[in-house]
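Asker: Sharing a structure, written as C-alpha cells. Questions coming.
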Amino acid sequence: MAYVFGHLMLLCSVLASATDVLTNNYDNARTGANLSELRLNLANVGLRSFGRMFSYAVDGPSLSQPLVATRVELPDGARRDLVIVTTASNSVYAFDAEAGGDGPIWRNTLVELPDGAAAEPIGIYSTPVIDRGRNAVYVVAGLRQGDRVKYILQALNLGDGRVHASVLIEGAQRIGDAAIKFEPTATRIAVQRAALAIAKGKIVVAFGGDFFEGWVFAFDQGDLKRSPGVYCTTCVSRVKALSKVDFMDSNCILLGPGGGIWQSGRGPVVDEHGLVYFFTGNKQHVIKKGCMIPPNDNACSQCKTEGGCLCKGIGNSGVCRGPDVCQTNVSESREIFDTNEAMIQLDPSKGLKLTGWFRPANWNIAGADGLEINDLDLGGSGPLMIPGAHRLIGGGKQGLMYVLDTQRSTGACVPSSTQTCIANDAIQSFQVAPPPPRPNQYYRHILGGPVIWSRSPEKGGAVAYVWR
C-alpha cells in the first residue's frame, strides 16, 4: 500500500487561502513557480513550525504530480479544497487538501474501455490536467486486453469523479499512400508519461515507448470523440528507411523507430498562441547478431562492403546499430521527416501541424558527444518557457542546457528536414551536468528539468534552477 502525504503547511499559524494547481509544474510555461505564495518566509519555515500534517493511503505507486483545485462544489453543496492523485492501479482520488481524514472524498478506478468492456489496468503514468470552467479533470489510463494495449482519455467530474466522457486513443499518420496506425501491443510498448495539457480547447496527449514511435494527439474538449489531430515523430522510418531495412522486421530488428516523448513526466509548454513544444528522444534501429547491416558510412554504422556487412554483435548486448539511427528519413513529398532528438513546435488548432523545430548539431556525430550513438536523449527532460519572452530553456541526458528562440521565421515558411522555420542555432548552450570521470562513458543527466523564479530587474532579475 502506498501513501500520499498532505501538503506541507504551517502548523502554528492561520493558513493563507489555497492556490489552484491545475496543471503540471503550475502553469503552461512549466515554470514550477507558485507566485501566489504570500505567507511562507525564513522566519516561519522551520523544524518546529513547518512539516507533515497528515497522509492518505492509496492503492499503488503514484507516478504523477498531485494537483489542487480549491473550493470545488460537491454533490451535497459543500465546497472543499481537493488534492487530485492518480496511481499505477488506474485509480483517481480526490482528497481533502486541508483537513485530513479517513479516506478520499471520491475515488474512481478506470478499468473499462469506452464500449464497457473490462480490461486489466496497467497504470496512469502522466499528470492529469484540470479545467475549472468545465468542472473536469482529464486523465489517461492504460488497459490491456490479451496482447493488445489500449489507452483511454477520460473527463471526470471534479466534484464526484463520475465519467463525463471517455474515448479510446487511436489515430494514424498518413505518409503518401501508407497510413501508420497507433497500435501499441504488449511487446511494442507505448508509455503515456508526459503530463497532459490544454491548448486553446484541445487536450494534448503524448507518448514515448519501447520498440515504438513518439506520438502526439490533440482532442477537442467539446467533443472528445471527434477525430483528434495526430503527429508521429518517426513514422516516416516505417515507410521510407534510407537503409531499405524494415524497422518492424522482428527477425532482424531488435528496436523500432523511437523518437519518444518522455520528458521525465513534464508536460508540453503551451505558449500564448496555443502552440505546443516538446523535446523528443533518440531514434532506434538496432540489428540482431547474424543479420546483415546495409552499406553505409556514418557515426552509427560503418559498412563499405557492397551488399552489406554481417552483424557480429558489439559489446555485451551482442547487437549492432543500424545506419538509420544517424540519418533523417524523409517522405517522398518531403513534407514529413524524422524529428527525433529535437525540440518540436506543433499547432493543435491545425491538426498538430509541425510549425517549427530545432535539433542540436551533435545529434548524429561520432564520439562521446554524439547524442544518437550514446543514447543521450534530448527528451530526457522537457522545456520551460521564460515568462514574457519567446525563449525556451531545457536540456536532456547530455547535461547540456539550451536557450532557444521560438519565434517563427518571417514570411511563409514550411518546415522541412533542412528548414526549421525558427532559429537554426541555440542562442546559448552550456554544460550544467559534467561528463562522468573515465572509464565511465555515460553523462550525468538533466531529468527533473528547470524551474524559474521570475523577478523584476530591480530585484535582481529572473533566476532558473535545475537538478543535475
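Order determines the names: the first chain of the C-alpha cells is A, the second B, and so forth; residues in each chain are numbered 1 upward, and ligands are numbered 1 upward as they are shown.
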Please, which residues of stretch 291-339 of chain A, numbered as in this document, come out helix (DSSP H, G or I) from DSSP, as JSON, numbers by chain?
Answerer: {"A": [323, 324, 325, 326]}
Asker: Grab the atom CA of A:Val21 to atom CA of A:Asp96 distance for me, in Å with one decimal place.
Answerer: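 Going from atom CA of A:Val21 over to atom CA of A:Asp96, I get 14.3 Å.
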Asker: Hey, can you check how far atom CA of A:Lys350 sits from atom CA of A:Gly256?
Answerer: 28.1 Å
Asker: Just give me the gap between atom CA of A:Ile124 and atom CA of A:Trp215 in Å, one decimal is fine.
Answerer: 17.1 Å
Asker: Hey, which of A:Glu335, A:Glu183, A:Asp405, A:Asp297 ends up closest to A:Ile365? Count only C-alpha atoms.
Answerer: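 Among the listed residues, the smallest separation from A:Ile365 belongs to A:Asp297.
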Asker: Compile the contact shell of A:Ile253 as a PyMOL selection string: residues with an atom at most 6 Å away, counting only C-alpha atoms, same-chain residues fewer than 6 positions apart removed.
Answerer: chain A and resi 286-288
Asker: Ranking A:Gln221, A:Ser62, A:Gln263, A:Gln284 by minimum distance to A:Pro348 and counting only C-alpha atoms, which one comes first?
Answerer: A:Gln221
